[in-house]
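Source file: my_file_34.pdb. Holds: PDB, C-alpha atoms.
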ATOM      1  CA  MET A   1       0.000   0.000   0.000
ATOM      2  CA  LYS A   2       1.341   3.402  -0.981
ATOM      3  CA  HIS A   3       1.709   5.831   1.872
ATOM      4  CA  LYS A   4       0.916   9.500   1.530
ATOM      5  CA  ASN A   5       3.890  11.464   0.193
ATOM      6  CA  TRP A   6       5.810   8.344  -0.887
ATOM      7  CA  VAL A   7       7.673   8.623  -4.186
ATOM      8  CA  ASP A   8       7.964   6.270  -7.162
ATOM      9  CA  ILE A   9      11.439   5.811  -8.591
ATOM     10  CA  GLU A  10      13.126   3.595 -11.149
ATOM     11  CA  CYS A  11      16.826   2.829 -11.150
ATOM     12  CA  GLN A  12      19.320   0.179 -12.146
ATOM     13  CA  ILE A  13      21.073  -1.817  -9.462
ATOM     14  CA  ASN A  14      23.933  -3.966 -10.680
ATOM     15  CA  GLY A  15      22.559  -3.868 -14.215
ATOM     16  CA  LYS A  16      18.968  -4.791 -13.402
ATOM     17  CA  THR A  17      16.084  -2.288 -13.521
ATOM     18  CA  TYR A  18      13.977  -1.863 -10.385
ATOM     19  CA  GLN A  19      10.930   0.211  -9.524
ATOM     20  CA  PHE A  20      10.282   1.309  -5.963
ATOM     21  CA  CYS A  21       7.677   3.270  -4.053
ATOM     22  CA  LEU A  22       9.431   4.665  -1.008
ATOM     23  CA  SER A  23       9.593   7.271   1.674
ATOM     24  CA  PRO A  24      11.450  10.402   0.580
ATOM     25  CA  ALA A  25      13.448  10.136   3.830
ATOM     26  CA  MET A  26      14.882   6.675   3.057
ATOM     27  CA  SER A  27      18.612   6.515   2.384
ATOM     28  CA  LEU A  28      19.973   4.570  -0.558
ATOM     29  CA  MET A  29      21.854   2.389   1.930
ATOM     30  CA  GLU A  30      18.577   1.423   3.621
ATOM     31  CA  LEU A  31      16.963   0.641   0.269
ATOM     32  CA  LEU A  32      19.871  -1.523  -0.879
ATOM     33  CA  ARG A  33      19.982  -3.408   2.423
ATOM     34  CA  GLU A  34      16.216  -4.020   2.184
ATOM     35  CA  GLN A  35      16.857  -5.555  -1.246
ATOM     36  CA  GLY A  36      19.289  -8.037   0.295
ATOM     37  CA  ILE A  37      22.425  -6.311  -0.920
ATOM     38  CA  THR A  38      24.542  -7.036   2.114
ATOM     39  CA  SER A  39      27.874  -5.717   0.838
ATOM     40  CA  VAL A  40      26.571  -2.229   1.610
ATOM     41  CA  LYS A  41      27.375  -1.934   5.295
ATOM     42  CA  GLN A  42      25.809   0.392   7.818
ATOM     43  CA  GLY A  43      28.822   1.839   9.563
ATOM     44  CA  CYS A  44      28.800   5.372  10.902
ATOM     45  CA  GLY A  45      25.637   6.615   9.175
ATOM     46  CA  VAL A  46      27.163  10.073   8.685
ATOM     47  CA  GLY A  47      29.468   9.647   5.679
ATOM     48  CA  GLU A  48      32.718   9.268   7.612
ATOM     49  CA  CYS A  49      33.651   5.578   7.290
ATOM     50  CA  GLY A  50      32.935   4.610   3.660
ATOM     51  CA  ALA A  51      31.558   1.163   4.555
ATOM     52  CA  CYS A  52      28.432   1.951   2.522
ATOM     53  CA  THR A  53      30.274   3.168  -0.597
ATOM     54  CA  VAL A  54      28.568   2.349  -3.892
ATOM     55  CA  LEU A  55      29.040   3.678  -7.410
ATOM     56  CA  ILE A  56      26.289   5.948  -8.667
ATOM     57  CA  ASP A  57      26.751   6.553 -12.368
ATOM     58  CA  GLY A  58      30.399   5.610 -11.809
ATOM     59  CA  VAL A  59      31.028   7.986  -8.894
ATOM     60  CA  ALA A  60      31.950   6.581  -5.461
ATOM     61  CA  THR A  61      29.220   7.743  -3.071
ATOM     62  CA  ASP A  62      28.401   7.168   0.595
ATOM     63  CA  SER A  63      24.957   5.600   0.280
ATOM     64  CA  CYS A  64      24.085   6.471   3.891
ATOM     65  CA  LEU A  65      24.030  10.165   2.922
ATOM     66  CA  TYR A  66      22.359   9.712  -0.461
ATOM     67  CA  LEU A  67      18.578   9.714  -0.435
ATOM     68  CA  ALA A  68      17.045   6.821  -2.331
ATOM     69  CA  VAL A  69      14.746   9.202  -4.252
ATOM     70  CA  TRP A  70      17.841  10.795  -5.785
ATOM     71  CA  ALA A  71      18.633   7.420  -7.385
ATOM     72  CA  ASP A  72      15.744   7.826  -9.818
ATOM     73  CA  GLY A  73      17.155   7.220 -13.301
ATOM     74  CA  LYS A  74      20.622   6.362 -11.944
ATOM     75  CA  GLN A  75      22.841   3.313 -12.287
ATOM     76  CA  ILE A  76      23.962   1.922  -8.936
ATOM     77  CA  ARG A  77      26.766  -0.625  -8.625
ATOM     78  CA  THR A  78      27.659  -2.531  -5.487
ATOM     79  CA  ALA A  79      30.335  -5.120  -4.759
ATOM     80  CA  GLU A  80      27.827  -7.846  -5.718
ATOM     81  CA  GLY A  81      27.607  -6.269  -9.162
ATOM     82  CA  GLU A  82      31.354  -6.590  -9.670
ATOM     83  CA  VAL A  83      31.067 -10.380  -9.859
ATOM     84  CA  ARG A  84      30.670 -11.511 -13.482
ATOM     85  CA  ASN A  85      29.888 -15.101 -14.496
ATOM     86  CA  GLY A  86      30.813 -16.255 -11.011
ATOM     87  CA  GLU A  87      34.221 -14.560 -11.158
ATOM     88  CA  ILE A  88      35.183 -11.722  -8.838
ATOM     89  CA  SER A  89      36.565  -8.546 -10.397
ATOM     90  CA  LYS A  90      40.235  -7.713 -10.853
ATOM     91  CA  VAL A  91      39.993  -5.282  -7.928
ATOM     92  CA  GLN A  92      38.292  -7.822  -5.662
ATOM     93  CA  GLN A  93      40.927 -10.442  -6.537
ATOM     94  CA  ALA A  94      43.731  -7.949  -5.868
ATOM     95  CA  TYR A  95      42.297  -7.313  -2.384
ATOM     96  CA  VAL A  96      42.226 -11.057  -1.689
ATOM     97  CA  ASN A  97      45.755 -11.583  -3.035
ATOM     98  CA  ALA A  98      47.176  -8.670  -1.030
ATOM     99  CA  GLY A  99      45.559  -9.809   2.230
ATOM    100  CA  ALA A 100      43.567  -6.579   2.329
ATOM    101  CA  VAL A 101      40.329  -8.296   3.306
ATOM    102  CA  GLN A 102      40.848  -8.970   7.038
ATOM    103  CA  CYS A 103      37.466  -8.786   8.844
ATOM    104  CA  GLY A 104      35.747  -7.755   5.603
ATOM    105  CA  PHE A 105      33.438  -5.070   6.980
ATOM    106  CA  CYS A 106      35.046  -2.183   5.090
ATOM    107  CA  THR A 107      36.208  -4.244   2.101
ATOM    108  CA  PRO A 108      33.170  -3.812  -0.190
ATOM    109  CA  GLY A 109      33.279  -0.025   0.241
ATOM    110  CA  LEU A 110      37.025   0.045  -0.365
ATOM    111  CA  VAL A 111      36.609  -2.143  -3.458
ATOM    112  CA  MET A 112      34.011   0.223  -4.892
ATOM    113  CA  ALA A 113      36.089   3.313  -4.067
ATOM    114  CA  THR A 114      39.127   1.648  -5.676
ATOM    115  CA  THR A 115      37.094   0.753  -8.764
ATOM    116  CA  ALA A 116      36.042   4.395  -9.173
ATOM    117  CA  LEU A 117      39.559   5.675  -8.465
ATOM    118  CA  LEU A 118      41.140   3.406 -11.070
ATOM    119  CA  ALA A 119      38.474   4.275 -13.655
ATOM    120  CA  LYS A 120      39.238   7.967 -13.146
ATOM    121  CA  HIS A 121      43.019   7.544 -13.480
ATOM    122  CA  THR A 122      43.715   5.413 -16.531
ATOM    123  CA  SER A 123      46.463   7.448 -18.201
ATOM    124  CA  ARG A 124      49.245   6.667 -15.724
ATOM    125  CA  PRO A 125      49.928   4.680 -12.561
ATOM    126  CA  LEU A 126      48.869   6.289  -9.307
ATOM    127  CA  THR A 127      51.412   7.197  -6.665
ATOM    128  CA  HIS A 128      50.933   5.874  -3.138
ATOM    129  CA  GLU A 129      49.966   9.379  -2.031
ATOM    130  CA  GLU A 130      47.296   9.575  -4.752
ATOM    131  CA  ILE A 131      45.949   6.197  -3.652
ATOM    132  CA  ARG A 132      45.835   7.363  -0.019
ATOM    133  CA  ARG A 133      44.020  10.566  -0.978
ATOM    134  CA  GLY A 134      41.682   8.725  -3.328
ATOM    135  CA  LEU A 135      40.602   6.280  -0.622
ATOM    136  CA  ALA A 136      40.677   8.764   2.268
ATOM    137  CA  GLY A 137      36.903   8.495   2.806
ATOM    138  CA  ASN A 138      37.150   4.783   3.592
ATOM    139  CA  LEU A 139      38.246   3.713   7.050
ATOM    140  CA  CYS A 140      39.715   0.313   7.921
ATOM    141  CA  ARG A 141      40.651  -0.766  11.429
ATOM    142  CA  CYS A 142      42.277  -4.079  10.497
ATOM    143  CA  THR A 143      44.684  -3.708   7.589
ATOM    144  CA  GLY A 144      46.755  -0.658   8.467
ATOM    145  CA  TYR A 145      46.151   0.380   4.823
ATOM    146  CA  GLN A 146      49.478  -0.990   3.532
ATOM    147  CA  MET A 147      47.761  -4.099   2.172
ATOM    148  CA  VAL A 148      45.072  -1.902   0.605
ATOM    149  CA  ILE A 149      47.725   0.136  -1.167
ATOM    150  CA  ARG A 150      49.365  -3.119  -2.321
ATOM    151  CA  ALA A 151      46.023  -4.242  -3.745
ATOM    152  CA  VAL A 152      45.583  -0.994  -5.699
ATOM    153  CA  ASP A 153      49.203  -1.226  -6.874
ATOM    154  CA  ALA A 154      48.512  -4.731  -8.176
ATOM    155  CA  CYS A 155      45.560  -3.426 -10.188
ATOM    156  CA  ARG A 156      47.502  -0.591 -11.751
ATOM    157  CA  ASP A 157      50.452  -2.827 -12.627
ATOM    158  CA  GLU A 158      48.342  -5.147 -14.799
TER     159      GLU A 158
END

Whole structure given in structure tokens:
Amino acid sequence: MKHKNWVDIECQINGKTYQFCLSPAMSLMELLREQGITSVKQGCGVGECGACTVLIDGVATDSCLYLAVWADGKQIRTAEGEVRNGEISKVQQAYVNAGAVQCGFCTPGLVMATTALLAKHTSRPLTHEEIRRGLAGNLCRCTGYQMVIRAVDACRDE
């Protein structure tokens, strides 16, 4: 049943089109979690940790701060959408190989931020400082970030 003031939207999530009728106050993170997309983690809820990072039209975005109604007409990609034909992406594999997964809570957000960062910088390899700055919105308590930088290095070296 549609509630008063709810909004109809249509968007793509991981390549599939969805239609929703939702509260204008709902965050994109809440919507994705309700759809069973568990890679999008609820961390801080205020855009500080990056655990909820998704790509919206290719741009890394904290989904906890992004209202779901703003997703109307947009393409959203999550870590689940990076798996193709049962194979994880180059970035996901680099994180595994570098030991940058650890507890895994922040990993999906870091993977999505890395995917966006690498897509933006294709003309030359990134320096370690550029990698640090590019992933600065994603916090990780377990890895100490050196393994994350190794994972990004592995992607750029291919």

Worksheet item: In terms of the shortest atom-to-atom distance over all atoms listed in the file, which of A:Gln92, A:Thr143, A:Gln19, A:Asn14 is closest to Gly109 (chain A)?
Response: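 Using all atoms listed in the file, Gly109 (chain A) sits closest to A:Gln92.
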
Fill in: Nearest-residue call for Val91 (chain A), choices A:Arg150, A:Leu32, A:Ile37, A:Cys155, using all atoms listed in the file
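So, comparing all the options, the nearest one is A:Cys155.
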
Fill in: Expansion of the PyMOL selection byres ((chain A and resi 52-63) around 8) into residues, as a list of chain:residue names
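So the PyMOL selection byres ((chain A and resi 52-63) around 8) ends up selecting A:Ser27, A:Leu28, A:Met29, A:Ser39, A:Val40, A:Lys41, A:Gln42, A:Gly43, A:Gly47, A:Cys49, A:Gly50, A:Ala51, A:Cys64, A:Leu65, A:Tyr66, A:Leu67, A:Ala71, A:Lys74, A:Gln75, A:Ile76, A:Arg77, A:Thr78, A:Ala79, A:Pro108, A:Gly109, A:Leu110, A:Met112, A:Ala113, A:Ala116.
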
Practice prompt. In Å, rounded to a single decimal, give me how far CA of Phe20 (chain A) is from CA of Gly104 (chain A).
Written response: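 Calculated distance between CA of Gly104 (chain A) and CA of Phe20 (chain A) is 29.4 Å.
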
Practice prompt. List the residues matched by the PyMOL selection byres ((chain A and resi 96) around 12) in the displayed structure as a VMD selection string, ordered by chain and then by residue number.
Written response: chain A and resid 88 to 95 97 to 104 107 to 108 111 147 to 148 150 to 152 154 to 155

Quick one: residues within 8 Å of Met26 (chain A), all atoms listed in the file counted, chain neighbours fewer than 3 positions away excluded, as a CSV table (one decimal) with C-alpha atoms, in the frame of the given file?
chain,number,residue,atom,x,y,z
A,22,LEU,CA,9.4,4.7,-1.0
A,23,SER,CA,9.6,7.3,1.7
A,30,GLU,CA,18.6,1.4,3.6
A,31,LEU,CA,17.0,0.6,0.3
A,67,LEU,CA,18.6,9.7,-0.4
A,68,ALA,CA,17.0,6.8,-2.3
A,69,VAL,CA,14.7,9.2,-4.3

Fill in: Which residue of A:Gly73, A:Gly36, A:Pro24, A:Gly45 approaches Cys11 (chain A) most closely, using all atoms listed in the file
A:Gly73

Fill in: Pick from A:Asp72, A:Lys120, A:Glu129, A:Arg33 nearest to Glu10 (chain A), counting only C-alpha atoms
A:Asp72

Fill in: A:Cys44, A:Trp70, A:Thr127, A:Thr38 ranked by distance to Val7 (chain A), top pick (using only C-alpha atoms)
A:Trp70
